[in-house]
>>> print(open('input-v8.txt').read())   # compact mmCIF, C-alpha atoms
# COMPACT_ATOMS: atom_id res chain seq x y z
CA MET A 1 -86.17 -82.07 -14.45
CA ALA A 2 -84.61 -85.34 -13.40
CA LEU A 3 -81.20 -86.35 -14.62
CA SER A 4 -81.60 -88.91 -17.40
CA GLU A 5 -79.86 -92.25 -16.99
CA SER A 6 -77.79 -91.78 -20.16
CA LEU A 7 -76.59 -88.34 -19.09
CA ARG A 8 -75.77 -89.60 -15.60
CA LYS A 9 -73.70 -92.37 -17.16
CA GLN A 10 -71.96 -89.93 -19.52
CA ILE A 11 -70.89 -87.69 -16.62
CA SER A 12 -69.96 -90.60 -14.43
CA ASP A 13 -67.78 -92.01 -17.23
CA LEU A 14 -66.09 -88.63 -17.67
CA VAL A 15 -65.12 -88.34 -14.02
CA THR A 16 -63.99 -91.94 -13.63
CA THR A 17 -61.94 -92.35 -16.82
CA ASN A 18 -59.99 -89.16 -16.15
CA ARG A 19 -58.18 -88.53 -12.91
CA VAL A 20 -58.65 -84.77 -12.78
CA VAL A 21 -61.68 -83.30 -14.51
CA LEU A 22 -62.79 -79.69 -14.49
CA PHE A 23 -66.27 -78.73 -15.65
CA MET A 24 -65.84 -75.13 -16.68
CA LYS A 25 -67.02 -72.31 -18.90
CA GLY A 26 -64.69 -72.10 -21.88
CA THR A 27 -61.48 -73.99 -22.41
CA ARG A 28 -58.22 -74.29 -20.53
CA GLN A 29 -56.64 -71.90 -23.06
CA MET A 30 -59.58 -69.49 -23.13
CA PRO A 31 -61.71 -69.58 -19.98
CA GLN A 32 -64.96 -67.65 -20.43
CA CYS A 33 -65.56 -66.85 -16.77
CA GLY A 34 -63.39 -65.49 -14.00
CA PHE A 35 -64.11 -68.33 -11.59
CA SER A 36 -63.23 -70.98 -14.19
CA ALA A 37 -60.08 -69.04 -15.03
CA GLN A 38 -58.97 -69.04 -11.39
CA VAL A 39 -59.32 -72.80 -11.09
CA VAL A 40 -57.46 -73.32 -14.39
CA GLN A 41 -54.64 -71.17 -13.11
CA ILE A 42 -54.38 -73.20 -9.92
CA LEU A 43 -54.49 -76.55 -11.74
CA ASP A 44 -52.00 -75.42 -14.39
CA ALA A 45 -49.48 -74.85 -11.62
CA LEU A 46 -50.07 -78.34 -10.17
CA VAL A 47 -50.73 -80.85 -12.94
CA PRO A 48 -49.26 -81.09 -16.43
CA SER A 49 -52.47 -82.37 -17.98
CA TYR A 50 -56.08 -82.68 -16.98
CA GLU A 51 -59.44 -82.97 -18.67
CA THR A 52 -61.73 -79.97 -19.06
CA VAL A 53 -65.35 -80.03 -20.14
CA ASP A 54 -66.70 -76.82 -21.64
CA VAL A 55 -70.28 -76.58 -20.39
CA ILE A 56 -71.02 -73.67 -22.71
CA ARG A 57 -70.68 -76.07 -25.62
CA SER A 58 -72.87 -78.72 -24.02
CA PRO A 59 -75.87 -77.25 -22.21
CA GLU A 60 -77.16 -80.69 -21.21
CA ILE A 61 -73.93 -81.39 -19.31
CA ARG A 62 -74.11 -77.92 -17.79
CA ASP A 63 -77.48 -78.73 -16.22
CA GLY A 64 -76.65 -82.40 -15.72
CA VAL A 65 -73.47 -81.91 -13.75
CA LYS A 66 -75.21 -79.51 -11.38
CA GLN A 67 -77.64 -82.27 -10.48
CA PHE A 68 -74.99 -84.96 -10.56
CA SER A 69 -72.82 -83.09 -8.04
CA GLU A 70 -75.73 -81.49 -6.20
CA TRP A 71 -73.86 -78.23 -6.67
CA PRO A 72 -75.51 -75.26 -8.37
CA THR A 73 -72.55 -73.48 -9.93
CA ILE A 74 -69.75 -73.94 -12.49
CA PRO A 75 -66.78 -74.54 -12.28
CA GLN A 76 -66.74 -77.96 -10.62
CA LEU A 77 -63.62 -79.98 -9.95
CA TYR A 78 -63.46 -83.78 -9.77
CA VAL A 79 -60.42 -85.75 -8.63
CA ASP A 80 -60.45 -89.57 -8.73
CA GLY A 81 -64.17 -89.57 -9.44
CA LYS A 82 -64.91 -87.54 -6.35
CA PHE A 83 -66.47 -84.07 -6.35
CA ILE A 84 -64.07 -81.61 -4.74
CA GLY A 85 -65.88 -78.29 -5.01
CA GLY A 86 -66.14 -74.99 -6.85
CA CYS A 87 -63.79 -72.06 -7.12
CA ASP A 88 -63.82 -70.98 -3.46
CA ILE A 89 -63.08 -74.45 -2.18
CA VAL A 90 -60.35 -75.15 -4.72
CA ARG A 91 -58.69 -71.85 -3.87
CA GLU A 92 -58.85 -72.54 -0.16
CA MET A 93 -57.50 -76.08 -0.58
CA ASN A 94 -54.70 -74.79 -2.77
CA ALA A 95 -53.71 -72.25 -0.13
CA SER A 96 -53.78 -74.84 2.66
CA GLY A 97 -51.86 -77.48 0.69
CA GLU A 98 -54.77 -79.97 0.79
CA LEU A 99 -55.24 -79.86 -2.96
CA GLN A 100 -51.60 -80.72 -3.58
CA LYS A 101 -51.95 -83.71 -1.26
CA LEU A 102 -55.13 -84.84 -2.97
CA ILE A 103 -53.68 -84.61 -6.46
CA GLY A 104 -50.41 -86.09 -5.27
CA VAL A 105 -47.96 -83.36 -6.15
CA LYS A 106 -44.96 -83.00 -3.99
CA THR A 107 -44.56 -79.41 -3.04
CA SER A 108 -41.34 -78.68 -1.31
CA ASP A 109 -41.66 -75.56 0.76
CA PRO A 110 -40.02 -72.77 -1.18
CA LYS A 111 -37.00 -71.21 0.42
CA THR A 112 -37.47 -68.07 2.46
CA PRO A 113 -36.82 -65.07 0.21
CA THR A 114 -34.39 -62.35 1.19
CA ILE A 115 -36.15 -59.00 1.31
CA THR A 116 -34.74 -55.67 2.38
CA MET A 117 -36.60 -52.59 3.50
CA SER A 118 -35.33 -49.04 3.90
CA ASP A 119 -35.72 -47.25 7.23
CA ALA A 120 -38.24 -44.86 5.67
CA ALA A 121 -40.39 -47.78 4.49
CA THR A 122 -40.14 -49.51 7.86
CA LYS A 123 -41.31 -46.37 9.62
CA ALA A 124 -44.17 -45.86 7.18
CA PHE A 125 -45.33 -49.44 7.67
CA ALA A 126 -45.13 -49.27 11.42
CA ALA A 127 -47.34 -46.16 11.29
CA ALA A 128 -49.80 -47.78 8.88
CA ALA A 129 -49.95 -50.93 11.00
CA VAL A 130 -51.02 -48.95 14.05
CA ALA A 131 -53.53 -46.94 12.04
CA GLU A 132 -55.34 -49.60 10.05
CA ALA A 133 -54.06 -53.16 10.32
CA GLY A 134 -56.08 -54.33 13.34
CA GLY A 135 -54.14 -57.56 13.91
CA ASP A 136 -53.62 -58.30 10.23
CA PHE A 137 -50.19 -58.93 8.78
CA LEU A 138 -48.22 -57.07 6.19
CA ARG A 139 -48.27 -59.20 3.04
CA LEU A 140 -46.32 -59.10 -0.19
CA GLN A 141 -47.88 -60.73 -3.21
CA ILE A 142 -46.24 -61.00 -6.63
CA ASP A 143 -48.24 -62.60 -9.40
CA ALA A 144 -46.92 -64.34 -12.52
CA GLN A 145 -46.93 -61.02 -14.40
CA PHE A 146 -44.80 -59.50 -11.62
CA GLN A 147 -47.53 -57.18 -10.43
CA HIS A 148 -46.53 -56.35 -6.87
CA GLU A 149 -49.02 -55.84 -4.09
CA LEU A 150 -48.26 -54.79 -0.54
CA PHE A 151 -51.22 -54.90 1.81
CA PHE A 152 -52.46 -55.87 5.25
CA GLY A 153 -54.30 -59.19 5.39
CA PRO A 154 -54.82 -62.30 7.50
CA ARG A 155 -52.29 -65.12 7.70
CA ALA A 156 -52.77 -68.15 5.41
CA PRO A 157 -51.60 -71.66 6.37
CA ARG A 158 -48.64 -71.97 3.98
CA ASP A 159 -47.37 -68.43 4.37
CA ILE A 160 -43.67 -67.88 4.75
CA ASP A 161 -42.54 -65.48 7.45
CA VAL A 162 -39.83 -63.08 6.39
CA ARG A 163 -38.19 -60.96 9.08
CA VAL A 164 -37.28 -57.55 7.69
CA ASN A 165 -35.93 -54.71 9.81
CA GLY A 166 -37.74 -56.02 12.89
CA LEU A 167 -41.04 -56.43 11.02
CA THR A 168 -42.73 -59.64 9.92
CA LEU A 169 -43.68 -59.75 6.28
CA LEU A 170 -45.78 -62.67 5.01
CA VAL A 171 -45.23 -64.08 1.54
CA ASP A 172 -47.42 -66.82 0.05
CA PRO A 173 -45.62 -69.85 -1.42
CA SER A 174 -46.24 -68.98 -5.07
CA SER A 175 -44.97 -65.43 -4.61
CA ALA A 176 -41.91 -66.53 -2.61
CA PRO A 177 -39.60 -67.52 -5.51
CA ARG A 178 -40.40 -64.20 -7.19
CA ALA A 179 -39.77 -62.22 -4.00
CA ASP A 180 -36.11 -63.08 -3.52
CA GLY A 181 -33.93 -59.97 -3.61
CA VAL A 182 -36.82 -57.53 -3.43
CA SER A 183 -36.13 -54.18 -1.80
CA ILE A 184 -38.84 -51.91 -0.50
CA ASP A 185 -38.43 -48.18 -0.12
CA PHE A 186 -40.72 -45.32 0.76
CA VAL A 187 -40.64 -41.90 -0.89
CA ASP A 188 -42.44 -38.98 0.69
CA GLY A 189 -44.33 -36.28 -1.14
CA PRO A 190 -46.24 -36.07 -4.41
CA GLY A 191 -45.59 -38.97 -6.74
CA GLY A 192 -44.21 -40.81 -3.71
CA GLY A 193 -45.32 -43.92 -1.87
CA PHE A 194 -43.89 -47.39 -1.50
CA LYS A 195 -41.39 -48.33 -4.18
CA ILE A 196 -40.67 -51.98 -4.81
CA ASN A 197 -37.57 -52.92 -6.70
CA ASN A 198 -37.42 -56.52 -7.85
CA PRO A 199 -34.28 -57.75 -9.61
CA SER A 200 -36.05 -60.91 -10.85
CA GLU A 201 -38.66 -58.88 -12.66
CA PRO A 202 -38.39 -59.24 -16.42
CA ALA A 203 -37.68 -55.94 -18.15
CA LYS A 204 -40.67 -53.90 -19.14
CA VAL A 205 -41.49 -50.31 -19.94
CA LYS A 206 -41.74 -48.51 -16.62
CA GLN A 207 -44.54 -46.02 -16.14
CA LEU A 208 -43.68 -42.58 -14.79
CA SER A 209 -46.19 -39.95 -13.74
CA ALA A 210 -45.43 -36.38 -14.76
CA PRO A 211 -44.40 -35.43 -11.18
CA GLU A 212 -42.05 -38.44 -11.12
CA LEU A 213 -40.48 -37.57 -14.47
CA LYS A 214 -39.92 -33.87 -13.72
CA PRO A 215 -37.15 -34.27 -11.09
CA MET A 216 -35.43 -36.96 -13.19
CA LEU A 217 -35.27 -34.53 -16.11
CA ASP A 218 -34.06 -31.73 -13.86
CA ARG A 219 -31.25 -33.95 -12.60
CA ASP A 220 -30.46 -35.06 -16.16
CA GLU A 221 -31.01 -38.70 -15.23
CA VAL A 222 -32.99 -39.57 -18.30
CA THR A 223 -33.20 -38.55 -21.96
CA LEU A 224 -36.68 -37.63 -23.06
CA PHE A 225 -37.90 -38.27 -26.60
CA ASP A 226 -41.13 -37.11 -28.20
CA VAL A 227 -42.54 -39.81 -30.45
CA ARG A 228 -45.21 -37.56 -32.02
CA PRO A 229 -45.00 -36.28 -35.59
CA GLU A 230 -44.10 -32.66 -36.40
CA ASP A 231 -47.66 -31.36 -36.74
CA GLU A 232 -48.42 -32.30 -33.15
CA ARG A 233 -45.07 -31.01 -31.93
CA ALA A 234 -45.99 -27.67 -33.47
CA ILE A 235 -49.02 -27.44 -31.18
CA ALA A 236 -47.35 -28.32 -27.90
CA ARG A 237 -44.08 -29.74 -26.69
CA ILE A 238 -42.03 -30.33 -23.57
CA ALA A 239 -38.97 -28.10 -23.76
CA ALA A 240 -36.49 -30.71 -22.57
CA ALA A 241 -37.54 -33.30 -25.14
CA ARG A 242 -35.96 -34.21 -28.42
CA SER A 243 -38.00 -35.17 -31.42
CA LEU A 244 -37.65 -38.67 -32.72
CA ASP A 245 -37.19 -37.96 -36.40
CA GLU A 246 -35.20 -40.28 -38.59
CA ALA A 247 -31.81 -38.84 -37.73
CA ARG A 248 -32.58 -39.04 -34.02
CA GLN A 249 -33.85 -42.58 -34.30
CA LYS A 250 -30.52 -43.55 -35.78
CA TYR A 251 -28.72 -41.73 -32.99
CA LEU A 252 -30.91 -43.43 -30.40
CA LEU A 253 -30.20 -46.88 -31.73
CA GLU A 254 -26.46 -46.26 -31.37
CA LEU A 255 -26.75 -45.39 -27.69
CA ASP A 256 -25.56 -47.70 -24.96
CA ARG A 257 -28.36 -50.14 -24.13
CA ASP A 258 -28.28 -49.14 -20.45
CA THR A 259 -29.04 -45.48 -21.23
CA PRO A 260 -32.22 -44.40 -19.41
CA ILE A 261 -34.74 -43.27 -22.01
CA ALA A 262 -38.15 -41.74 -21.46
CA LEU A 263 -40.80 -41.40 -24.14
CA TYR A 264 -43.98 -39.43 -24.46
CA CYS A 265 -46.79 -38.77 -26.90
CA HIS A 266 -50.22 -37.16 -26.52
CA HIS A 267 -51.74 -39.59 -23.99
CA GLY A 268 -49.09 -42.25 -23.45
CA ILE A 269 -50.35 -44.96 -25.78
CA ARG A 270 -48.09 -44.49 -28.82
CA SER A 271 -45.06 -43.93 -26.60
CA GLN A 272 -45.82 -47.18 -24.76
CA GLU A 273 -45.72 -49.00 -28.12
CA ALA A 274 -42.47 -47.24 -29.02
CA GLY A 275 -41.03 -48.23 -25.64
CA GLN A 276 -41.78 -51.88 -26.25
CA GLN A 277 -40.04 -51.56 -29.59
CA LEU A 278 -36.95 -50.19 -27.82
CA PHE A 279 -36.98 -53.24 -25.58
CA ARG A 280 -36.86 -55.45 -28.61
CA GLU A 281 -33.81 -53.42 -29.63
CA GLY A 282 -32.19 -54.36 -26.33
CA PHE A 283 -32.70 -51.22 -24.24
CA ARG A 284 -33.19 -52.01 -20.57
CA ASN A 285 -34.15 -48.70 -18.95
CA VAL A 286 -37.17 -47.45 -20.80
CA TYR A 287 -39.79 -45.17 -19.24
CA ASN A 288 -43.15 -44.02 -20.51
CA LEU A 289 -44.77 -40.76 -19.42
CA LYS A 290 -48.13 -41.87 -18.08
CA GLY A 291 -50.92 -39.76 -19.60
CA GLY A 292 -48.54 -38.17 -22.08
CA ILE A 293 -48.03 -34.46 -22.66
CA ASP A 294 -51.63 -33.91 -21.60
CA ALA A 295 -50.77 -35.02 -18.05
CA TRP A 296 -47.66 -32.84 -18.18
CA SER A 297 -49.74 -29.74 -19.06
CA GLN A 298 -52.14 -30.47 -16.24
CA SER A 299 -49.75 -31.22 -13.42
CA ILE A 300 -46.36 -29.68 -14.30
CA ASP A 301 -46.49 -26.90 -16.88
CA PRO A 302 -49.83 -25.24 -17.65
CA SER A 303 -48.12 -23.08 -20.32
CA VAL A 304 -47.95 -26.17 -22.54
CA PRO A 305 -51.19 -26.04 -24.55
CA ARG A 306 -53.60 -28.96 -24.32
CA TYR A 307 -55.12 -30.22 -27.55
CA MET B 1 -72.96 -54.28 -12.67
CA SER B 2 -74.69 -55.97 -15.60
CA SER B 3 -78.44 -56.10 -15.70
CA HIS B 4 -79.85 -59.52 -15.33
CA PRO B 5 -83.24 -60.56 -16.68
CA THR B 6 -85.44 -62.14 -14.06
CA ASP B 7 -89.15 -62.48 -13.40
CA PHE B 8 -88.56 -62.39 -9.65
CA GLN B 9 -90.52 -59.75 -7.74
CA GLY B 10 -89.20 -58.12 -4.59
CA SER B 11 -85.85 -58.04 -2.82
CA VAL B 12 -83.57 -60.91 -3.78
CA VAL B 13 -81.24 -60.04 -0.93
CA ASP B 14 -84.08 -60.45 1.58
CA ALA B 15 -85.29 -63.63 -0.11
CA LEU B 16 -81.80 -65.15 0.15
CA ARG B 17 -81.38 -64.17 3.78
CA GLU B 18 -84.79 -65.44 4.79
CA ALA B 19 -84.36 -68.75 2.94
CA ILE B 20 -81.01 -69.40 4.59
CA GLU B 21 -82.06 -68.39 8.09
CA ARG B 22 -85.25 -70.45 7.80
CA GLN B 23 -83.52 -73.65 6.71
CA ILE B 24 -80.21 -73.67 8.56
CA PRO B 25 -80.63 -73.97 12.31
CA ASP B 26 -79.77 -70.88 14.38
CA SER B 27 -78.13 -69.21 11.42
CA ARG B 28 -77.46 -65.55 10.74
CA ALA B 29 -76.90 -64.60 7.12
CA ALA B 30 -75.40 -61.46 5.66
CA VAL B 31 -76.19 -61.00 1.98
CA ASN B 32 -74.85 -58.32 -0.35
CA GLY B 33 -75.13 -57.75 -4.05
CA GLY B 34 -77.52 -57.20 -6.92
CA GLY B 35 -77.81 -57.64 -10.67
CA GLY B 36 -77.85 -61.41 -10.24
CA HIS B 37 -74.50 -61.51 -8.36
CA PHE B 38 -74.36 -61.94 -4.60
CA SER B 39 -71.95 -62.46 -1.72
CA ILE B 40 -73.20 -64.43 1.21
CA GLU B 41 -71.80 -64.96 4.66
CA VAL B 42 -73.54 -67.38 7.00
CA MET B 43 -72.83 -68.08 10.64
CA SER B 44 -74.38 -71.13 12.26
CA PRO B 45 -73.42 -73.74 14.87
CA ALA B 46 -74.71 -76.30 12.34
CA PHE B 47 -71.45 -75.95 10.39
CA ALA B 48 -69.36 -77.25 13.29
CA GLY B 49 -67.31 -80.28 12.28
CA LYS B 50 -68.41 -80.01 8.66
CA SER B 51 -66.08 -79.53 5.72
CA MET B 52 -66.26 -76.39 3.61
CA LEU B 53 -67.91 -78.47 0.88
CA GLU B 54 -70.61 -79.78 3.21
CA SER B 55 -71.22 -76.36 4.75
CA GLN B 56 -71.52 -74.64 1.36
CA ARG B 57 -73.82 -77.41 0.14
CA MET B 58 -76.19 -76.69 3.04
CA VAL B 59 -76.37 -73.06 1.99
CA TYR B 60 -76.78 -73.84 -1.69
CA GLY B 61 -79.49 -76.32 -0.74
CA ALA B 62 -81.36 -73.61 1.12
CA ILE B 63 -81.30 -71.20 -1.82
CA ALA B 64 -81.58 -73.71 -4.70
CA HIS B 65 -85.05 -72.45 -5.63
CA LEU B 66 -83.59 -68.98 -6.26
CA MET B 67 -80.86 -70.29 -8.56
CA LYS B 68 -82.90 -72.52 -10.84
CA GLY B 69 -83.57 -71.85 -14.51
CA GLU B 70 -82.65 -69.19 -17.03
CA MET B 71 -84.71 -66.45 -15.34
CA ALA B 72 -83.44 -67.21 -11.83
CA PRO B 73 -83.00 -64.12 -9.64
CA VAL B 74 -79.59 -65.41 -8.54
CA HIS B 75 -77.19 -65.82 -11.41
CA ALA B 76 -73.99 -66.29 -9.43
CA VAL B 77 -72.82 -66.42 -5.85
CA ASP B 78 -69.52 -64.59 -6.12
CA SER B 79 -68.45 -65.36 -2.60
CA LEU B 80 -69.86 -67.74 -0.03
CA LYS B 81 -68.40 -67.90 3.45
CA THR B 82 -69.60 -70.15 6.22
CA ARG B 83 -68.47 -69.99 9.82
CA THR B 84 -69.41 -71.23 13.24
CA PRO B 85 -70.09 -68.67 15.97
CA THR B 86 -66.72 -69.36 17.63
CA GLY B 87 -64.61 -69.04 14.48
CA ALA B 88 -64.14 -70.14 10.90
CA ALA B 89 -65.55 -73.55 10.09
>>> encode(input="input-v8.txt", output="C-alpha cells")
Amino acid sequence: MALSESLRKQISDLVTTNRVVLFMKGTRQMPQCGFSAQVVQILDALVPSYETVDVIRSPEIRDGVKQFSEWPTIPQLYVDGKFIGGCDIVREMNASGELQKLIGVKTSDPKTPTITMSDAATKAFAAAAVAEAGGDFLRLQIDAQFQHELFFGPRAPRDIDVRVNGLTLLVDPSSAPRADGVSIDFVDGPGGGFKINNPSEPAKVKQLSAPELKPMLDRDEVTLFDVRPEDERAIARIAAARSLDEARQKYLLELDRDTPIALYCHHGIRSQEAGQQLFREGFRNVYNLKGGIDAWSQSIDPSVPRY
Amino acid sequence: MSSHPTDFQGSVVDALREAIERQIPDSRAAVNGGGGHFSIEVMSPAFAGKSMLESQRMVYGAIAHLMKGEMAPVHAVDSLKTRTPTGAA
C-alpha cells in the first residue's frame, strides 16, 4: 500500500517542526517495548525535552513511518528532519559519541574513577583472563540502579582506562561517575565470588544467602530478627533469631542506626518489605536472608523443618 | 519465547539467510532465532565504506517481504550486525 500524500505530509511536518522526534511504542514515561525503552533512556540522558509519537495509538503512522523512512522497525529516531536509525544504531552512536555531536550536547569526558582491587581479586581476574577472555578486556558497568556487572568484553570508543593493581579495567562514560571509590574483592569458597563495594551506592536492603549469613551470625556481626508471626515460629525457627513482637520492635527502633540487622521470613519476601521499612526509619545496615528460613533448612540446618 | 501467528510455511531462518545471500553481493549470513524474533549477522564486501544505517537498510531491503503485514513470519529483528570481511563496517 502506497503512502498517502496526506500521511506523508503529516509525518514530514512532525519531523521538521520538532528537532528531535522518536517514533516509538508507548510513551516516554511508559515505553511498551524494550527497544523503544532503550532509546528513551539514551535520549533522556542527552536532551531535556523531545517529541515522541506513540505508534500503538496511531496505526496509520506506524505503517506510514516505516515507508517514509524505508525502515521496517520501530523505534525510529529523527534529528533535524533526518532519519538517524533504530535502536541498534542509536545505541552505537551513543557509545561512540556521534549522537551527542549530532544533537549538540557537550559531553565533557568524565574524570577517571579511582578503583581499588584486593590482591585476591587481582589474582582471580588474572586467572580468568587467561582462561576465557581471549583478547577481551575486563569491564565494570554500573547502571542507574547501581547494579554492578564485572565481565570480559570488547573495548568501546569512549571507554575510560583505569589502571588497578597492574590490570586495565575499562569503564564506560556513563558508569564512570558511579564507579569512583569502588573496591573489588574476591572471597573463596561457598557463597564467595567477587565482592564489589561502592560507597556512592544509595542504601538498600542487602541480600545475603544462607551460607553468607551463617558465619556472620557465628561471629556475632549481625542481629537476626524473625518477622514471621508466632504460629509460623512454632513450626520452625532459626535458633539465633529473635522474634519481632511488639516489645522487640520497640527495642529495635531504639537501636543505633548503624547496627547491622538481618531479617528473615518464610521465603524472603515479607522480610524484604520489613527491611525497606527499617530503611525509612534510618537504619543503614539492613540485610535480608535470601530465600528465607526455607533456604536455611536446605543449605545450613536440615533439622529446621520445612513447611 | 512467545508464539507468533504466521501463515508462513517452512524454515524462516533459511528463508532469511537465502534472501540476504541472494540479494547482497558475496554475502554470508548467519541467522538465529524463532517465534518471530531473529538475530542476523551479515558479512559482505558490499558494506565497505557504508554507514551502519546504509548497511542495515540493505539487509532490511533484502528481507522486507518477510516482515510485511500482520501475519509476517518475522516480527522483530532483535539484533542486526553487518561487517565487511576484513573487520567491522
>>> interface_residues(input="input-v8.txt", of="chain A", to="chain B", cutoff="9 Å", atoms="all atoms listed in the file", output="list in words")
Phe35, Glu70, Trp71, Pro72, Thr73, Ile84, Gly85, Gly86, Asp88 and Ile89 of chain A
>>> write_last_selection(input="input-v8.txt", atoms="C-alpha atoms", output="tab-separated table (two decimals), keeping the file's coordinate frame")
chain	number	residue	atom	x	y	z
A	35	PHE	CA	-64.11	-68.33	-11.59
A	70	GLU	CA	-75.73	-81.49	-6.20
A	71	TRP	CA	-73.86	-78.23	-6.67
A	72	PRO	CA	-75.51	-75.26	-8.37
A	73	THR	CA	-72.55	-73.48	-9.93
A	84	ILE	CA	-64.07	-81.61	-4.74
A	85	GLY	CA	-65.88	-78.29	-5.01
A	86	GLY	CA	-66.14	-74.99	-6.85
A	88	ASP	CA	-63.82	-70.98	-3.46
A	89	ILE	CA	-63.08	-74.45	-2.18
>>> closest_residue(input="input-v8.txt", among="A:Ala127, A:Ile238, A:Thr112, A:Arg233", to="A:Pro177", atoms="all atoms listed in the file")
A:Thr112
>>> closest_residue(input="input-v8.txt", among="B:Ile40, B:Ala62, B:Val74, B:Ala46", to="B:Ile20", atoms="all atoms listed in the file")
B:Ala62
>>> residues_around(input="input-v8.txt", residues="A:Asp80", least_positions_apart="2", cutoff="10 Å", atoms="only C-alpha atoms", output="ChimeraX atom specification")
/A:15-21,78,82-84,102-103
>>> atom_distance(input="input-v8.txt", atom1="atom CA of A:Phe68", atom2="atom CA of A:Ser6")
12.1 Å
>>> residues_around(input="input-v8.txt", residues="A:Ala240", least_positions_apart="6", cutoff="9 Å", atoms="all atoms listed in the file", output="MDAnalysis selection string")
chainID A and resid 217 223:225
>>> closest_residue(input="input-v8.txt", among="A:Ser209, A:Thr114, A:Gln10, A:Thr52", to="A:Asp294", atoms="all atoms listed in the file")
A:Ser209
>>> residues_around(input="input-v8.txt", residues="A:Gly181", least_positions_apart="5", cutoff="9 Å", atoms="all atoms listed in the file", output="short mmCIF file (atom, residue, chain, number, x, y, z; two decimals) with C-alpha atoms, in the frame of the given file")
data_model
loop_
_atom_site.label_atom_id
_atom_site.label_comp_id
_atom_site.auth_asym_id
_atom_site.auth_seq_id
_atom_site.Cartn_x
_atom_site.Cartn_y
_atom_site.Cartn_z
CA PRO A 113 -36.82 -65.07 0.21
CA THR A 114 -34.39 -62.35 1.19
CA ILE A 115 -36.15 -59.00 1.31
CA THR A 116 -34.74 -55.67 2.38
CA ASN A 197 -37.57 -52.92 -6.70
CA ASN A 198 -37.42 -56.52 -7.85
CA PRO A 199 -34.28 -57.75 -9.61
CA SER A 200 -36.05 -60.91 -10.85
#
>>> atom_distance(input="input-v8.txt", atom1="atom CA of A:Lys250", atom2="atom CA of A:Ile235")
25.0 Å
>>> closest_residue(input="input-v8.txt", among="A:Asp44, A:Val65, A:Phe279, A:Glu221", to="A:Ala2", atoms="all atoms listed in the file")
A:Val65
>>> atom_distance(input="input-v8.txt", atom1="atom CA of A:Arg257", atom2="atom CA of A:Asn288")
16.4 Å
>>> closest_residue(input="input-v8.txt", among="B:Ile24, B:Met58, B:Ala72, B:Val42", to="B:Val12", atoms="all atoms listed in the file")
B:Ala72
>>> closest_residue(input="input-v8.txt", among="A:Asp301, A:Glu254, A:Asp245, A:Asp180", to="A:Pro211", atoms="only C-alpha atoms")
A:Asp301
>>> axis_aligned_box(input="input-v8.txt", around="stretch 30-49 of chain B", padding_each_side="4 Å", output="JSON")
{"center_x": -72.6, "center_y": -68.7, "center_z": 2.1, "size_x": 18.5, "size_y": 31.1, "size_z": 33.5}
